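Working notes, structure below.
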Amino acid sequence: MGIVTPGFQGRPRSGTPDLPPGQYLTPDFPVLSAGPTPKVPQDQWEFVISTETGTEHRWSWAELMALPQETPTVDIHCVTRWSKLGTTWRGVSLDTLLDGVESAADYALAHSYGGYTTNLPLDDLRDGQAWLVHTYDGDDLPAEHGGPARLLVPHLYFWKSAKWVRGLHLTIEDTPGFWETAGYHDYGDPWREQRYQGD
Ligand SMILES: Nc1nc2c(c(=O)[nH]1)N[C@H]1C(S)=C(S)[C@@H](COP(=O)(O)O)O[C@H]1N2
Ligand SMILES: [Mo]
């Protein structure tokens with residue numbers, strides 16, 4: 001795009017330009033969990049990326065903390081219509097974790113302690129778009145918000161940000177997760193209001 005038209009806005013106008021269609025702002029931080037909160041001590045915690053060939057890459061808590069850390073400030077959007085702008089987290093970029101993982105896979109199925117799953121295209125976890133976070137607003141991530149660590153993929157609806165995440169399965173074929181199997185959209189772009197299958 002070489003020409004900038006004065007006043008042109010790529011996104012539909014609404015009261016708040018950072019708010020996707022159909023969303024409202026909340027100052028709170030609601031808790032949305034489909035089951036009980038698993039308690040995972042840091043010394044028993046591990047994160048595993050397994051590839052389509054069965055190769056496994058593992059990180060202990062100490063190994064995760066030894067990796068380069070980032071402090072993203074991002075907007076989050078839940079499919080139940082609340083959005084929260086400017087949330088600050090700390091954790092490791094998925095670029096760092098995927099670096100050195102050899103795979104021909106196009107998809108990732110995130111799975112959590114407690115059994116929750118959610119699927120994403122692998123490309124959506126790359127290029128500074130996703131993190132494995134352990135800190136929210138300067139404090140340890142509270143268990144109800146996914147501590148010890150959760151996925152943070154803010155450009156998709158927040159159900160894609162698996163709490164208590166324990167690993168990623170990299171797969172050639174797309175495999176729907178918990179909410180996707182229940183009728184939620186496979187991809188979940190808030191700016192295109194991809195809430196449910198068929199949106
Ligand atoms: N393991 C797990 N991750 C999950 C969920 C869940 O029920 N279990 N809920 C998802 C949904 S629908 C949302 S909106 C966010 C809520 O995160 P929060 O409770 O920190 O606001 O977590 C997502 N990740
Ligand atoms: Mo949600």
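Chain labels follow the order of the structure tokens: the first chain is A, the next B, and so on; residue numbering restarts at 1 in every chain, and ligands are counted from 1 in their shown order.
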
Problem - Near-ligand residues for ligand 1, threshold 6 Å, only C-alpha atoms and all ligand atoms, as number ranges by chain - result: A: 29-34, 78, 112, 116, 145, 158-159, 161-164

Got time to write the residues from that selection, N, CA, C and O atoms, as a PDB file, in the first residue's frame?
```
ATOM      1  N   PHE A  29     -10.777  -8.561  35.406  1.00  0.00           N
ATOM      2  CA  PHE A  29     -10.146  -9.674  34.714  1.00  0.00           C
ATOM      3  C   PHE A  29     -10.985 -10.915  35.021  1.00  0.00           C
ATOM      4  O   PHE A  29     -10.719 -11.631  35.987  1.00  0.00           O
ATOM      5  N   PRO A  30     -12.045 -11.149  34.213  1.00  0.00           N
ATOM      6  CA  PRO A  30     -12.918 -12.292  34.480  1.00  0.00           C
ATOM      7  C   PRO A  30     -12.145 -13.613  34.405  1.00  0.00           C
ATOM      8  O   PRO A  30     -11.159 -13.705  33.693  1.00  0.00           O
ATOM      9  N   VAL A  31     -12.616 -14.603  35.155  1.00  0.00           N
ATOM     10  CA  VAL A  31     -12.041 -15.951  35.097  1.00  0.00           C
ATOM     11  C   VAL A  31     -13.015 -16.830  34.330  1.00  0.00           C
ATOM     12  O   VAL A  31     -14.192 -16.903  34.682  1.00  0.00           O
ATOM     13  N   LEU A  32     -12.539 -17.471  33.260  1.00  0.00           N
ATOM     14  CA  LEU A  32     -13.374 -18.410  32.509  1.00  0.00           C
ATOM     15  C   LEU A  32     -12.646 -19.738  32.401  1.00  0.00           C
ATOM     16  O   LEU A  32     -11.662 -19.865  31.679  1.00  0.00           O
ATOM     17  N   SER A  33     -13.137 -20.715  33.140  1.00  0.00           N
ATOM     18  CA  SER A  33     -12.533 -22.046  33.158  1.00  0.00           C
ATOM     19  C   SER A  33     -13.635 -23.070  32.957  1.00  0.00           C
ATOM     20  O   SER A  33     -14.683 -22.993  33.595  1.00  0.00           O
ATOM     21  N   ALA A  34     -13.378 -24.045  32.067  1.00  0.00           N
ATOM     22  CA  ALA A  34     -14.377 -25.061  31.764  1.00  0.00           C
ATOM     23  C   ALA A  34     -14.393 -26.197  32.789  1.00  0.00           C
ATOM     24  O   ALA A  34     -15.165 -27.126  32.681  1.00  0.00           O
ATOM     25  N   CYS A  78     -12.309 -11.986  24.670  1.00  0.00           N
ATOM     26  CA  CYS A  78     -13.003 -13.256  24.921  1.00  0.00           C
ATOM     27  C   CYS A  78     -14.240 -13.341  24.044  1.00  0.00           C
ATOM     28  O   CYS A  78     -14.922 -12.336  23.804  1.00  0.00           O
ATOM     29  N   SER A 112      -3.539 -28.997  27.919  1.00  0.00           N
ATOM     30  CA  SER A 112      -3.336 -28.409  29.243  1.00  0.00           C
ATOM     31  C   SER A 112      -3.397 -29.472  30.324  1.00  0.00           C
ATOM     32  O   SER A 112      -4.075 -30.500  30.158  1.00  0.00           O
ATOM     33  N   TYR A 116      -7.913 -29.740  28.975  1.00  0.00           N
ATOM     34  CA  TYR A 116      -8.353 -28.782  27.943  1.00  0.00           C
ATOM     35  C   TYR A 116      -7.426 -28.845  26.729  1.00  0.00           C
ATOM     36  O   TYR A 116      -6.223 -29.074  26.865  1.00  0.00           O
ATOM     37  N   HIS A 145      -5.951 -17.927  36.556  1.00  0.00           N
ATOM     38  CA  HIS A 145      -5.687 -17.371  35.219  1.00  0.00           C
ATOM     39  C   HIS A 145      -4.684 -18.214  34.427  1.00  0.00           C
ATOM     40  O   HIS A 145      -4.196 -17.775  33.380  1.00  0.00           O
ATOM     41  N   PHE A 158      -9.721 -15.397  23.125  1.00  0.00           N
ATOM     42  CA  PHE A 158      -8.902 -15.808  24.266  1.00  0.00           C
ATOM     43  C   PHE A 158      -9.035 -17.302  24.606  1.00  0.00           C
ATOM     44  O   PHE A 158      -8.240 -17.821  25.375  1.00  0.00           O
ATOM     45  N   TRP A 159     -10.045 -17.995  24.024  1.00  0.00           N
ATOM     46  CA  TRP A 159     -10.115 -19.436  24.322  1.00  0.00           C
ATOM     47  C   TRP A 159      -8.930 -20.181  23.702  1.00  0.00           C
ATOM     48  O   TRP A 159      -8.612 -21.295  24.120  1.00  0.00           O
ATOM     49  N   SER A 161      -5.931 -19.196  24.077  1.00  0.00           N
ATOM     50  CA  SER A 161      -4.815 -19.013  25.010  1.00  0.00           C
ATOM     51  C   SER A 161      -4.966 -20.007  26.161  1.00  0.00           C
ATOM     52  O   SER A 161      -5.491 -19.672  27.237  1.00  0.00           O
ATOM     53  N   ALA A 162      -4.518 -21.241  25.918  1.00  0.00           N
ATOM     54  CA  ALA A 162      -4.729 -22.336  26.868  1.00  0.00           C
ATOM     55  C   ALA A 162      -4.070 -22.052  28.208  1.00  0.00           C
ATOM     56  O   ALA A 162      -2.867 -21.780  28.274  1.00  0.00           O
ATOM     57  N   LYS A 163      -4.881 -22.112  29.277  1.00  0.00           N
ATOM     58  CA  LYS A 163      -4.345 -21.982  30.632  1.00  0.00           C
ATOM     59  C   LYS A 163      -3.729 -23.317  31.044  1.00  0.00           C
ATOM     60  O   LYS A 163      -4.106 -24.371  30.540  1.00  0.00           O
ATOM     61  N   TRP A 164      -2.810 -23.281  32.009  1.00  0.00           N
ATOM     62  CA  TRP A 164      -2.141 -24.492  32.541  1.00  0.00           C
ATOM     63  C   TRP A 164      -1.581 -25.354  31.408  1.00  0.00           C
ATOM     64  O   TRP A 164      -1.590 -26.583  31.457  1.00  0.00           O
TER      65      TRP A 164
END
```

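Comparing A:Ala104, A:Val48, A:Val79, A:Ala149 by their smallest distance to ligand 2, the closest is A:Val79 (using only C-alpha atoms and all ligand atoms).
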
Practice task
Rank A:Phe178, A:Tyr136, A:Tyr187, A:Trp61 by their smallest atom-to-atom distance to Asp123 (chain A), using only C-alpha atoms, and report the top residue only.
Solution key: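 Comparing A:Phe178, A:Tyr136, A:Tyr187, A:Trp61 against Asp123 (chain A), the winner is A:Tyr187.
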
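Considering the residues A:Pro190, A:Pro176, A:Gly86, A:Pro20 and counting only C-alpha atoms and all ligand atoms, ligand 2 has its shortest atom-to-atom contact with A:Pro190.
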
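If only C-alpha atoms are the atoms counted, then among A:Asp140, A:Asp99, A:Leu168, A:Ala110 the closest residue to Gly54 (chain A) is A:Leu168.
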
Practice task
Check the DSSP output for the backbone and give back, as a list in words, the residues of region 22-197 of chain A in alpha helix (DSSP H).
Solution key: Trp61, Ala62, Glu63, Leu64, Met65, Ala66, Leu94, Asp95, Thr96, Leu97, Leu98, Phe178, Trp179, Glu180 and Thr181 of chain A

Residues from the last selection, N, CA and C atoms, saved as a tab-separated table (two decimals), in the first residue's frame:
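Saved to result_37.tsv:
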```tsv
chain	number	residue	atom	x	y	z
A	61	TRP	N	10.77	-26.16	34.53
A	61	TRP	CA	10.53	-24.77	34.94
A	61	TRP	C	11.83	-23.97	34.90
A	62	ALA	N	12.90	-24.57	35.43
A	62	ALA	CA	14.19	-23.87	35.47
A	62	ALA	C	14.71	-23.60	34.06
A	63	GLU	N	14.50	-24.56	33.16
A	63	GLU	CA	14.94	-24.37	31.77
A	63	GLU	C	14.12	-23.27	31.08
A	64	LEU	N	12.82	-23.22	31.38
A	64	LEU	CA	11.98	-22.16	30.80
A	64	LEU	C	12.47	-20.79	31.26
A	65	MET	N	12.76	-20.69	32.56
A	65	MET	CA	13.16	-19.39	33.11
A	65	MET	C	14.54	-18.95	32.63
A	66	ALA	N	15.34	-19.92	32.18
A	66	ALA	CA	16.69	-19.59	31.69
A	66	ALA	C	16.67	-19.08	30.25
A	94	LEU	N	7.01	-18.02	21.65
A	94	LEU	CA	6.95	-19.34	21.01
A	94	LEU	C	8.00	-19.47	19.92
A	95	ASP	N	8.46	-18.33	19.37
A	95	ASP	CA	9.57	-18.38	18.39
A	95	ASP	C	10.79	-19.03	19.03
A	96	THR	N	11.06	-18.65	20.28
A	96	THR	CA	12.21	-19.20	20.99
A	96	THR	C	12.04	-20.70	21.22
A	97	LEU	N	10.82	-21.12	21.61
A	97	LEU	CA	10.58	-22.54	21.90
A	97	LEU	C	10.58	-23.37	20.61
A	98	LEU	N	10.08	-22.78	19.52
A	98	LEU	CA	9.99	-23.54	18.26
A	98	LEU	C	11.32	-23.54	17.50
A	178	PHE	N	-11.17	-28.51	22.43
A	178	PHE	CA	-12.35	-28.62	23.30
A	178	PHE	C	-13.52	-27.75	22.81
A	179	TRP	N	-13.31	-26.44	22.68
A	179	TRP	CA	-14.41	-25.56	22.26
A	179	TRP	C	-14.69	-25.68	20.77
A	180	GLU	N	-13.65	-25.95	20.00
A	180	GLU	CA	-13.85	-26.09	18.54
A	180	GLU	C	-14.76	-27.30	18.26
A	181	THR	N	-14.60	-28.37	19.03
A	181	THR	CA	-15.46	-29.56	18.87
A	181	THR	C	-16.89	-29.24	19.29
```

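Closest approach to ligand 2 from the set A:Thr80, A:Ser60, A:Thr135, A:Gln44 is made by A:Thr80, with distances taken over only C-alpha atoms and all ligand atoms.
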
Exercise for the section: Go ahead and compute the interatomic distance for CA of Val153 (chain A) and CA of Gln69 (chain A), in Å to one decimal. Expected result: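 Spanning CA of Val153 (chain A) to CA of Gln69 (chain A) is a straight-line distance of 16.0 Å.
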
Problem - Residue nearest Val133 (chain A) among A:Arg192, A:Lys160, A:Lys39, A:Arg150 (counting only C-alpha atoms) - result: A:Arg150

Exercise for the section: Please run DSSP on the backbone and report, as a list of chain:residue names, all residues within region 21-104 of chain A that come out as strand (DSSP E). Expected result: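 Everything in region 21-104 of chain A that counts as strand (DSSP E) is A:Tyr24, A:Leu25, A:Glu46, A:Phe47, A:Val48, A:Ile49, A:Ser50, A:Glu56, A:His57, A:Arg58, A:Trp59, A:Ser60, A:Thr73, A:Val74, A:Asp75, A:Ile76, A:His77, A:Trp82, A:Ser83, A:Lys84, A:Leu85, A:Gly86, A:Thr87, A:Thr88, A:Trp89, A:Arg90, A:Gly91, A:Val92, A:Ser93.
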
Practice task
Please indicate the distance in Å from CA of Glu56 (chain A) to CA of Val101 (chain A), rounded to one decimal place.
Solution key: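 About the pair CA of Glu56 (chain A) and CA of Val101 (chain A): they are 8.9 Å apart.
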
Exercise for the section: Mind giving me the straight-line distance from CA of Gln129 (chain A) to CA of Pro36 (chain A) in Å, one decimal? Expected result: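 CA of Gln129 (chain A) sits 28.2 Å away from CA of Pro36 (chain A).
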
Practice task
Within 10 Å of Pro72 (chain A), counting only C-alpha atoms, which residues show up once you throw out same-chain ones fewer than 3 positions away? Write them as a PyMOL selection string, please.
Solution key: chain A and resi 69+75+86-93+128-131+133+152
